[in-house]
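Content type CSV, C-alpha atoms and all ligand atoms, from the file protein_39.csv:
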```csv
chain,number,residue,atom,x,y,z
A,1,MET,CA,-2.4,69.8,-4.7
A,2,SER,CA,0.0,67.1,-3.5
A,3,ASP,CA,-1.7,64.1,-5.1
A,4,ALA,CA,-2.1,65.7,-8.6
A,5,VAL,CA,-1.3,63.4,-11.5
A,6,SER,CA,0.4,64.5,-14.7
A,7,TYR,CA,-0.8,63.2,-18.0
A,8,LYS,CA,2.8,62.7,-18.9
A,9,ASP,CA,3.1,59.9,-16.3
A,10,LEU,CA,0.1,58.2,-17.9
A,11,GLY,CA,1.7,58.0,-21.4
A,12,LEU,CA,-0.7,60.6,-22.9
A,13,VAL,CA,0.2,63.7,-25.0
A,14,ASN,CA,-1.3,67.1,-25.3
A,15,SER,CA,-2.8,68.2,-28.6
A,16,LYS,CA,-0.1,70.7,-29.8
A,17,GLU,CA,2.0,68.6,-32.1
A,18,LEU,CA,-1.1,66.7,-33.4
A,19,PHE,CA,-2.8,69.9,-34.4
A,20,ARG,CA,0.3,71.3,-36.1
A,21,LYS,CA,0.7,68.2,-38.2
A,22,ALA,CA,-3.0,68.1,-39.0
A,23,VAL,CA,-3.2,71.7,-40.1
A,24,ASP,CA,-0.1,71.3,-42.3
A,25,GLY,CA,-1.3,67.9,-43.7
A,26,GLY,CA,-4.9,68.9,-44.5
A,27,TYR,CA,-6.6,66.3,-42.3
A,28,ALA,CA,-8.4,66.4,-38.9
A,29,ILE,CA,-7.7,64.5,-35.7
A,30,PRO,CA,-10.8,62.6,-34.6
A,31,ALA,CA,-12.2,63.4,-31.2
A,32,TYR,CA,-14.5,60.5,-30.0
A,33,ASN,CA,-16.6,60.8,-26.9
A,34,PHE,CA,-16.7,57.8,-24.6
A,35,ASN,CA,-18.4,56.8,-21.3
A,36,ASN,CA,-17.7,53.1,-21.0
A,37,LEU,CA,-15.3,50.3,-21.5
A,38,GLU,CA,-16.7,49.0,-24.8
A,39,GLN,CA,-16.6,52.5,-26.4
A,40,LEU,CA,-13.0,53.0,-25.4
A,41,GLN,CA,-12.0,49.5,-26.6
A,42,ALA,CA,-13.5,50.2,-29.9
A,43,ILE,CA,-11.8,53.6,-30.3
A,44,VAL,CA,-8.4,52.2,-29.4
A,45,THR,CA,-8.8,49.1,-31.7
A,46,ALA,CA,-10.0,51.1,-34.7
A,47,CYS,CA,-7.4,53.8,-34.3
A,48,ALA,CA,-4.6,51.2,-33.8
A,49,GLU,CA,-5.8,49.3,-36.9
A,50,THR,CA,-5.9,52.5,-39.0
A,51,ARG,CA,-2.8,54.1,-37.4
A,52,SER,CA,-4.7,57.2,-36.5
A,53,PRO,CA,-3.8,59.7,-33.7
A,54,VAL,CA,-6.8,60.2,-31.5
A,55,ILE,CA,-8.4,62.4,-28.9
A,56,ILE,CA,-10.5,60.5,-26.4
A,57,GLN,CA,-12.9,62.9,-24.9
A,58,VAL,CA,-15.1,63.0,-21.9
A,59,SER,CA,-17.9,65.4,-21.1
A,60,LYS,CA,-18.8,66.6,-17.5
A,61,GLY,CA,-21.7,64.1,-17.6
A,62,ALA,CA,-19.5,61.3,-18.8
A,63,ARG,CA,-16.9,62.0,-16.0
A,64,ASN,CA,-19.7,61.8,-13.4
A,65,TYR,CA,-20.9,58.6,-15.0
A,66,ALA,CA,-17.6,56.8,-15.3
A,67,ASN,CA,-15.8,58.1,-12.2
A,68,GLU,CA,-12.7,60.3,-12.3
A,69,THR,CA,-10.3,57.7,-11.0
A,70,MET,CA,-11.6,55.0,-13.2
A,71,LEU,CA,-11.2,57.3,-16.2
A,72,ARG,CA,-7.6,57.9,-15.4
A,73,PHE,CA,-6.9,54.2,-15.4
A,74,MET,CA,-9.0,53.7,-18.5
A,75,ALA,CA,-6.8,56.3,-20.3
A,76,MET,CA,-3.6,54.5,-19.2
A,77,GLY,CA,-5.2,51.2,-20.4
A,78,ALA,CA,-5.9,52.8,-23.8
A,79,VAL,CA,-2.3,53.7,-24.2
A,80,ALA,CA,-1.1,50.3,-23.1
A,81,MET,CA,-3.6,48.5,-25.3
A,82,ALA,CA,-2.6,50.4,-28.4
A,83,LYS,CA,1.0,49.6,-27.7
A,84,GLU,CA,0.2,45.9,-27.3
A,85,MET,CA,-1.5,46.1,-30.7
A,86,GLY,CA,1.8,47.3,-32.2
A,87,ALA,CA,0.7,50.9,-32.5
A,88,ASP,CA,2.4,53.6,-30.5
A,89,LEU,CA,-0.5,56.0,-30.9
A,90,PRO,CA,-0.5,59.6,-29.7
A,91,ILE,CA,-3.5,59.7,-27.4
A,92,VAL,CA,-5.0,62.9,-25.9
A,93,LEU,CA,-7.4,62.7,-22.9
A,94,HIS,CA,-9.6,65.8,-23.3
A,95,LEU,CA,-12.4,67.4,-21.3
A,96,ASP,CA,-15.2,68.2,-23.6
A,97,HIS,CA,-17.3,71.3,-22.9
A,98,GLY,CA,-15.8,72.2,-19.5
A,99,ASP,CA,-18.0,74.8,-17.9
A,100,SER,CA,-15.9,76.2,-15.1
A,101,PHE,CA,-12.4,76.9,-14.1
A,102,GLU,CA,-12.8,74.4,-11.2
A,103,LEU,CA,-13.8,71.6,-13.5
A,104,CYS,CA,-10.9,72.2,-15.9
A,105,LYS,CA,-8.4,72.4,-13.0
A,106,SER,CA,-9.7,69.2,-11.5
A,107,CYS,CA,-9.3,67.4,-14.8
A,108,ILE,CA,-5.8,68.8,-15.3
A,109,ASP,CA,-4.9,67.6,-11.8
A,110,SER,CA,-6.3,64.1,-12.4
A,111,GLY,CA,-4.4,63.5,-15.6
A,112,PHE,CA,-6.2,65.1,-18.6
A,113,SER,CA,-3.8,66.4,-21.2
A,114,SER,CA,-6.2,68.8,-22.8
A,115,VAL,CA,-9.3,70.7,-21.7
A,116,MET,CA,-12.1,72.7,-23.4
A,117,ILE,CA,-13.4,75.7,-21.6
A,118,ASP,CA,-16.7,76.5,-23.2
A,119,GLY,CA,-17.6,80.1,-22.4
A,120,SER,CA,-19.4,80.5,-25.7
A,121,HIS,CA,-22.7,81.3,-24.0
A,122,LEU,CA,-21.1,84.1,-21.9
A,123,PRO,CA,-20.8,87.8,-22.9
A,124,TYR,CA,-17.6,88.2,-25.0
A,125,ASP,CA,-15.4,89.8,-22.2
A,126,GLU,CA,-16.5,87.1,-19.7
A,127,ASN,CA,-15.6,84.4,-22.1
A,128,VAL,CA,-12.2,86.0,-22.6
A,129,ALA,CA,-11.6,86.3,-18.9
A,130,LEU,CA,-12.7,82.7,-18.0
A,131,THR,CA,-10.8,81.2,-20.9
A,132,LYS,CA,-7.6,83.1,-20.1
A,133,LYS,CA,-7.8,81.9,-16.5
A,134,VAL,CA,-8.0,78.3,-17.6
A,135,VAL,CA,-5.2,78.8,-20.1
A,136,GLU,CA,-2.9,80.2,-17.4
A,137,TYR,CA,-3.4,77.2,-15.2
A,138,ALA,CA,-3.3,74.7,-18.0
A,139,HIS,CA,-0.2,76.0,-19.7
A,140,ALA,CA,1.7,75.9,-16.4
A,141,HIS,CA,1.1,72.1,-16.6
A,142,ASP,CA,1.8,71.9,-20.3
A,143,VAL,CA,-1.9,71.1,-20.9
A,144,THR,CA,-3.6,72.4,-24.1
A,145,VAL,CA,-6.8,74.4,-24.1
A,146,GLU,CA,-9.7,74.7,-26.6
A,147,GLY,CA,-12.0,77.7,-26.4
A,148,GLU,CA,-15.2,78.5,-28.2
A,149,LEU,CA,-16.7,81.5,-30.0
A,150,GLY,CA,-20.2,81.3,-31.3
A,151,VAL,CA,-23.1,79.1,-30.0
A,152,LEU,CA,-24.2,75.8,-31.5
A,153,ALA,CA,-27.9,75.0,-31.4
A,154,GLY,CA,-28.9,71.8,-29.6
A,155,ILE,CA,-28.1,70.2,-26.3
A,156,GLU,CA,-24.7,70.4,-24.8
A,157,ASP,CA,-23.8,68.9,-21.4
A,158,GLU,CA,-26.2,70.8,-19.1
A,159,VAL,CA,-26.1,73.8,-21.5
A,160,VAL,CA,-29.1,74.1,-23.8
A,161,ALA,CA,-29.0,76.5,-26.7
A,162,GLU,CA,-32.3,76.9,-28.6
A,163,HIS,CA,-30.7,78.9,-31.5
A,164,SER,CA,-27.3,78.9,-32.9
A,165,THR,CA,-25.2,82.1,-33.2
A,166,TYR,CA,-22.6,81.9,-35.9
A,167,THR,CA,-19.0,82.8,-34.9
A,168,GLN,CA,-18.2,86.4,-35.8
A,169,PRO,CA,-14.9,86.3,-37.7
A,170,ASP,CA,-14.0,89.8,-36.5
A,171,GLU,CA,-13.7,88.4,-32.9
A,172,VAL,CA,-11.5,85.4,-33.4
A,173,GLU,CA,-8.1,87.2,-33.7
A,174,ASP,CA,-8.7,89.3,-30.6
A,175,PHE,CA,-10.0,86.2,-28.7
A,176,VAL,CA,-7.0,84.0,-29.6
A,177,LYS,CA,-4.5,86.8,-28.7
A,178,LYS,CA,-6.1,87.8,-25.4
A,179,THR,CA,-6.7,84.2,-24.1
A,180,GLY,CA,-3.7,82.3,-25.4
A,181,VAL,CA,-5.9,79.3,-26.3
A,182,ASP,CA,-4.3,76.5,-28.4
A,183,SER,CA,-7.4,75.8,-30.6
A,184,LEU,CA,-10.8,77.4,-31.2
A,185,ALA,CA,-14.2,75.8,-31.7
A,186,ILE,CA,-16.4,77.8,-34.1
A,187,SER,CA,-20.1,77.7,-35.0
A,188,ILE,CA,-20.7,77.4,-38.8
A,189,GLY,CA,-24.1,75.6,-38.8
A,190,THR,CA,-23.5,72.3,-37.0
A,191,SER,CA,-25.3,71.4,-33.8
A,192,HIS,CA,-25.1,68.7,-31.2
A,193,GLY,CA,-27.2,65.5,-31.1
A,194,ALA,CA,-29.1,63.5,-33.7
A,195,TYR,CA,-31.6,66.2,-34.9
A,196,LYS,CA,-29.3,68.7,-36.5
A,197,PHE,CA,-31.6,70.2,-39.1
A,198,LYS,CA,-35.4,70.5,-39.3
A,199,LEU,CA,-36.1,69.6,-42.9
A,200,LYS,CA,-39.5,69.9,-44.6
A,201,GLU,CA,-40.6,67.2,-47.1
A,202,GLY,CA,-38.2,67.2,-50.1
A,203,GLU,CA,-35.7,69.5,-48.5
A,204,SER,CA,-32.0,68.6,-48.3
A,205,VAL,CA,-29.4,69.5,-45.6
A,206,PRO,CA,-28.2,73.1,-46.0
A,207,PRO,CA,-24.5,73.5,-46.5
A,208,LEU,CA,-22.3,74.5,-43.6
A,209,ARG,CA,-21.2,78.1,-43.6
A,210,PHE,CA,-17.8,77.6,-45.2
A,211,ASP,CA,-17.7,81.3,-45.9
A,212,ILE,CA,-17.5,81.9,-42.1
A,213,LEU,CA,-14.8,79.3,-41.7
A,214,GLU,CA,-12.8,80.9,-44.5
A,215,GLU,CA,-13.2,84.4,-42.9
A,216,CYS,CA,-12.0,82.9,-39.6
A,217,GLU,CA,-9.0,81.2,-41.3
A,218,LYS,CA,-8.0,84.6,-42.9
A,219,ARG,CA,-8.0,86.3,-39.4
A,220,ILE,CA,-5.9,83.5,-37.8
A,221,PRO,CA,-4.0,81.7,-40.5
A,222,GLY,CA,-2.7,78.3,-39.6
A,223,PHE,CA,-4.4,78.3,-36.2
A,224,PRO,CA,-6.2,75.1,-35.2
A,225,ILE,CA,-10.0,75.3,-35.6
A,226,VAL,CA,-12.4,72.8,-34.1
A,227,LEU,CA,-15.7,71.5,-35.4
A,228,HIS,CA,-18.3,70.3,-32.8
A,229,GLY,CA,-21.6,68.6,-33.7
A,230,ALA,CA,-19.9,66.7,-36.6
A,231,SER,CA,-21.8,63.5,-36.6
A,232,SER,CA,-23.4,62.5,-39.9
A,233,VAL,CA,-26.2,60.7,-38.1
A,234,VAL,CA,-25.7,57.6,-40.2
A,235,PRO,CA,-29.1,56.9,-41.8
A,236,GLU,CA,-28.5,53.1,-41.7
A,237,TYR,CA,-28.3,53.2,-37.9
A,238,VAL,CA,-31.4,55.4,-37.6
A,239,ASP,CA,-33.3,52.9,-39.9
A,240,LEU,CA,-32.1,49.9,-37.7
A,241,ILE,CA,-33.2,51.7,-34.5
A,242,ASN,CA,-36.6,52.5,-36.0
A,243,MET,CA,-36.9,49.0,-37.4
A,244,TYR,CA,-36.3,47.4,-34.0
A,245,GLY,CA,-38.7,49.3,-31.8
A,246,GLY,CA,-36.9,52.7,-31.6
A,247,LYS,CA,-38.4,56.1,-32.5
A,248,MET,CA,-36.0,58.5,-34.0
A,249,ASP,CA,-38.1,60.2,-36.7
A,250,GLY,CA,-36.4,63.2,-38.4
A,251,ALA,CA,-32.9,62.4,-37.2
A,252,VAL,CA,-30.4,64.0,-39.6
A,253,GLY,CA,-26.8,65.0,-39.5
A,254,VAL,CA,-23.9,66.6,-41.5
A,255,PRO,CA,-23.2,64.9,-44.8
A,256,GLU,CA,-19.8,63.3,-45.0
A,257,GLU,CA,-18.7,65.3,-48.0
A,258,GLN,CA,-19.0,68.5,-46.0
A,259,LEU,CA,-17.0,67.0,-43.2
A,260,ARG,CA,-14.3,65.9,-45.6
A,261,LYS,CA,-14.1,69.5,-47.0
A,262,ALA,CA,-13.8,70.9,-43.4
A,263,ALA,CA,-11.1,68.3,-42.5
A,264,ALA,CA,-9.0,69.5,-45.5
A,265,SER,CA,-9.1,73.1,-44.2
A,266,ALA,CA,-7.8,74.6,-40.9
A,267,VAL,CA,-10.4,72.4,-39.1
A,268,CYS,CA,-8.0,70.0,-37.3
A,269,LYS,CA,-10.3,68.4,-34.7
A,270,ILE,CA,-13.7,66.9,-35.5
A,271,ASN,CA,-16.0,65.9,-32.6
A,272,ILE,CA,-18.1,62.8,-33.0
A,273,ASP,CA,-20.4,61.5,-30.2
A,274,SER,CA,-23.9,60.9,-31.6
A,275,ASP,CA,-22.8,58.5,-34.4
A,276,GLY,CA,-21.2,56.3,-31.9
A,277,ARG,CA,-24.3,56.3,-29.7
A,278,LEU,CA,-26.4,55.5,-32.7
A,279,ALA,CA,-24.2,52.5,-33.7
A,280,VAL,CA,-24.3,51.1,-30.2
A,281,THR,CA,-28.1,51.6,-29.9
A,282,ALA,CA,-28.8,50.1,-33.3
A,283,LYS,CA,-26.8,47.0,-32.7
A,284,VAL,CA,-28.1,46.4,-29.2
A,285,ARG,CA,-31.7,46.8,-30.4
A,286,GLU,CA,-31.1,44.5,-33.4
A,287,TYR,CA,-29.3,41.8,-31.3
A,288,LEU,CA,-32.0,41.7,-28.6
A,289,ALA,CA,-34.8,41.7,-31.0
A,290,ASN,CA,-33.3,38.8,-32.9
A,291,ASP,CA,-32.4,36.9,-29.7
A,292,PRO,CA,-34.9,37.9,-27.0
A,293,ALA,CA,-33.7,35.1,-24.7
A,294,GLU,CA,-30.1,36.5,-24.5
A,295,PHE,CA,-29.1,38.2,-21.3
A,296,ASP,CA,-25.3,38.1,-21.4
A,297,PRO,CA,-24.2,41.8,-21.9
A,298,ARG,CA,-21.0,40.6,-23.6
A,299,LYS,CA,-23.1,39.3,-26.4
A,300,TYR,CA,-25.1,42.4,-27.3
A,301,LEU,CA,-22.4,44.9,-26.2
A,302,GLY,CA,-19.8,42.8,-28.1
A,303,ALA,CA,-21.9,43.2,-31.3
A,304,ALA,CA,-22.2,47.0,-30.5
A,305,ARG,CA,-18.4,47.3,-30.0
A,306,GLN,CA,-17.8,45.5,-33.3
A,307,GLU,CA,-20.0,48.0,-35.2
A,308,LEU,CA,-18.3,50.9,-33.4
A,309,ILE,CA,-14.9,49.7,-34.6
A,310,LYS,CA,-16.2,49.6,-38.2
A,311,LEU,CA,-17.7,53.1,-37.9
A,312,ILE,CA,-14.5,54.6,-36.4
A,313,LYS,CA,-12.3,53.0,-39.0
A,314,HIS,CA,-14.5,54.4,-41.7
A,315,LYS,CA,-14.4,57.9,-40.2
A,316,ASN,CA,-10.6,57.9,-39.9
A,317,GLU,CA,-10.1,56.5,-43.4
A,318,ALA,CA,-12.8,58.1,-45.5
A,319,VAL,CA,-13.9,61.3,-43.6
A,320,LEU,CA,-11.2,62.8,-41.4
A,321,GLY,CA,-8.1,61.6,-43.3
A,322,SER,CA,-6.3,60.7,-40.1
A,323,ALA,CA,-5.6,57.1,-41.0
A,324,GLY,CA,-1.9,56.4,-41.4
A,325,LYS,CA,-0.9,59.6,-39.6
A,326,ALA,CA,0.3,58.0,-36.4
B,1,LIG,O1,-21.3,67.9,-26.9
B,1,LIG,C1,-21.8,67.1,-26.1
B,1,LIG,C2,-21.3,65.7,-26.2
B,1,LIG,O2,-22.0,65.0,-27.2
B,1,LIG,C3,-21.4,65.0,-24.8
B,1,LIG,O3,-22.7,64.7,-24.5
B,1,LIG,O4,-23.0,65.7,-22.2
B,1,LIG,O5,-24.5,63.9,-23.0
B,1,LIG,O6,-22.1,63.4,-22.4
B,1,LIG,P1,-23.1,64.4,-22.9
B,2,LIG,P1,-22.3,65.2,-32.2
B,2,LIG,O1,-23.5,65.2,-31.4
B,2,LIG,O2,-22.7,65.7,-33.6
B,2,LIG,O3,-21.7,63.8,-32.3
B,2,LIG,O4,-21.3,66.2,-31.7
B,2,LIG,C1,-20.4,65.8,-30.6
B,2,LIG,C2,-19.7,66.9,-30.0
B,2,LIG,O5,-19.6,68.0,-30.5
B,2,LIG,C3,-19.0,66.7,-28.7
B,2,LIG,O6,-18.5,67.8,-28.2
B,3,ZN,ZN,-19.5,69.7,-28.6
```
This structure in structure tokens:
Amino acid sequence: MSDAVSYKDLGLVNSKELFRKAVDGGYAIPAYNFNNLEQLQAIVTACAETRSPVIIQVSKGARNYANETMLRFMAMGAVAMAKEMGADLPIVLHLDHGDSFELCKSCIDSGFSSVMIDGSHLPYDENVALTKKVVEYAHAHDVTVEGELGVLAGIEDEVVAEHSTYTQPDEVEDFVKKTGVDSLAISIGTSHGAYKFKLKEGESVPPLRFDILEECEKRIPGFPIVLHGASSVVPEYVDLINMYGGKMDGAVGVPEEQLRKAAASAVCKINIDSDGRLAVTAKVREYLANDPAEFDPRKYLGAARQELIKLIKHKNEAVLGSAGKA
């Protein structure tokens, strides 16, 4: 394709070096999903202020929402904005949950530095074949690839899984060897969205399956592992949303202590989307409820952006351990 754009010309980096340092250093690189300007401004501001490397990631739905060309310029803007803030951050532009070779190729050709091919719902051999095909194209462009083994419960972009299937540790070594992937997402009890666990009265969140994570680590020592569905579904935001007209009964996520424990292991990328959505929704609801006459989006989106900065700084500093690593 003659008008293909390389991420290197946009000032982005792939995930290789970041993951190597994170595995060695016992922390995780944050991967924040974004769809719009305010979310990206908040990610850049918070990561520049905490000196954290960052993966800015886009789902298929987000890419359709934001427009492919607009996204490319937003990513360039993110790099430039961080520099202006005095922080030369390594920034990865990553496709989250790519569902076909064509989508991954299109992202690589339009400036992404990393892609995920999510064949986790396919039979094993088909997952291997699809992932390998993406790796071959990606590596020819120095782009890194994330694969997935095991299915998370919940809603993924146009992929709905009713029940989770934990990753089978016996498969990981073979999968990594056959596909050549650079990192592997595994299923150890997290799920996507704001309703991660169905708890009965008095029950607390069950621990993640760290035994499965340890078994995987043993099979592929030092290999970068990725945790999806890692929002803690911050209770304060759920309460604010419910207080100001929302309805999110039973929303619950992964406790931060468990994420801290995961970040200290071979888990070197932690995906967070829902917490950001909750922060934005809580602050917009609160703002408009308290000032019903306001109709300037800069006011209520500005309040949301401010909260998002606070949230991301907290995640980098107190949960992932990525602060000060850039
Ligand atoms: O894992 C899914 C991400 O949270 C992206 O969600 O497909 O609604 O953009 P989305
Ligand atoms: P959450 O829904 O827990 O934020 O997970 C996001 C995710 O895994 C994106 O790929
Ligand atoms: Zn995910």
Provide the CA of Ala303 (chain A) to CA of Met81 (chain A) distance in Å, to one decimal place.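 Those two atoms sit 20.0 Å apart.
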Shell of 8 Å around Asp109 (chain A), all atoms listed in the file, local chain residues under 4 positions omitted, as a PDB file with C-alpha atoms, in the coordinates of the input:
```pdb
ATOM      1  CA  MET A   1      -2.400  69.800  -4.700  1.00  0.00           C
ATOM      2  CA  ALA A   4      -2.100  65.700  -8.600  1.00  0.00           C
ATOM      3  CA  VAL A   5      -1.300  63.400 -11.500  1.00  0.00           C
ATOM      4  CA  SER A   6       0.400  64.500 -14.700  1.00  0.00           C
ATOM      5  CA  LYS A 105      -8.400  72.400 -13.000  1.00  0.00           C
TER       6      LYS A 105
END
```
Contact table chain A vs ligand LIG 2 (chain B), cut-off 8 Å, shortest pair per residue, all atoms listed in the file, as CSV:
```
residue,atom,partner,partner_atom,distance
A:Ala31,CA,B:LIG2,C3,8.0
A:Tyr32,CA,B:LIG2,C3,7.8
A:Asn33,CA,B:LIG2,C3,6.6
A:Ser59,CA,B:LIG2,O6,7.5
A:Asp96,CA,B:LIG2,O6,5.7
A:His97,CA,B:LIG2,O6,6.5
A:Glu156,CA,B:LIG2,O6,7.5
A:Thr190,CA,B:LIG2,O2,7.5
A:Ser191,CA,B:LIG2,O2,6.3
A:His192,CA,B:LIG2,O1,3.9
A:Gly193,CA,B:LIG2,O1,3.7
A:Ala194,CA,B:LIG2,O1,6.3
A:Lys196,CA,B:LIG2,O2,7.8
A:Leu227,CA,B:LIG2,O5,7.2
A:His228,CA,B:LIG2,O5,3.5
A:Gly229,CA,B:LIG2,O2,3.1
A:Ala230,CA,B:LIG2,O2,4.2
A:Ser231,CA,B:LIG2,O2,3.8
A:Ser232,CA,B:LIG2,O2,7.1
A:Val233,CA,B:LIG2,O2,7.6
A:Gly253,CA,B:LIG2,O2,7.2
A:Ile270,CA,B:LIG2,O5,7.8
A:Asn271,CA,B:LIG2,C2,4.6
A:Ile272,CA,B:LIG2,O3,3.8
A:Asp273,CA,B:LIG2,O3,3.4
A:Ser274,CA,B:LIG2,O3,3.7
A:Asp275,CA,B:LIG2,O3,5.8
A:Gly276,CA,B:LIG2,O3,7.5
```
When you count all atoms listed in the file, which of these residues is closest to Gly302 (chain A): A:Ile108, A:Ala264, A:Ala42, A:Leu10?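 Smallest separation from Gly302 (chain A) among the options: A:Ala42.
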CA of Leu288 (chain A) to CA of Tyr300 (chain A): how many Å, to one decimal?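 Calculated distance between CA of Leu288 (chain A) and CA of Tyr300 (chain A) is 7.1 Å.
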Compile the contact shell of region 129-143 of chain A as number ranges by chain: residues with an atom at most 9 Å away, counting all atoms listed in the file, same-chain residues fewer than 4 positions apart removed. A: 6-7, 13-15, 100-102, 104-105, 108-109, 112-119, 124-125, 147-148, 178-182
Fewer than 5 positions away in the same chain doesn't count, so skip those; otherwise give me all residues within 10 Å of Leu40 (chain A), counting all atoms listed in the file, as a PDB file with C-alpha atoms, in the coordinates of the input.
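So selection_22.pdb came out as:
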```pdb
ATOM      1  CA  TYR A  32     -14.500  60.500 -30.000  1.00  0.00           C
ATOM      2  CA  ASN A  33     -16.600  60.800 -26.900  1.00  0.00           C
ATOM      3  CA  PHE A  34     -16.700  57.800 -24.600  1.00  0.00           C
ATOM      4  CA  ASN A  35     -18.400  56.800 -21.300  1.00  0.00           C
ATOM      5  CA  THR A  45      -8.800  49.100 -31.700  1.00  0.00           C
ATOM      6  CA  ALA A  46     -10.000  51.100 -34.700  1.00  0.00           C
ATOM      7  CA  ILE A  56     -10.500  60.500 -26.400  1.00  0.00           C
ATOM      8  CA  GLN A  57     -12.900  62.900 -24.900  1.00  0.00           C
ATOM      9  CA  MET A  74      -9.000  53.700 -18.500  1.00  0.00           C
ATOM     10  CA  ALA A  75      -6.800  56.300 -20.300  1.00  0.00           C
ATOM     11  CA  GLY A  77      -5.200  51.200 -20.400  1.00  0.00           C
ATOM     12  CA  ALA A  78      -5.900  52.800 -23.800  1.00  0.00           C
ATOM     13  CA  ARG A 305     -18.400  47.300 -30.000  1.00  0.00           C
ATOM     14  CA  LEU A 308     -18.300  50.900 -33.400  1.00  0.00           C
ATOM     15  CA  ILE A 309     -14.900  49.700 -34.600  1.00  0.00           C
TER      16      ILE A 309
END
```
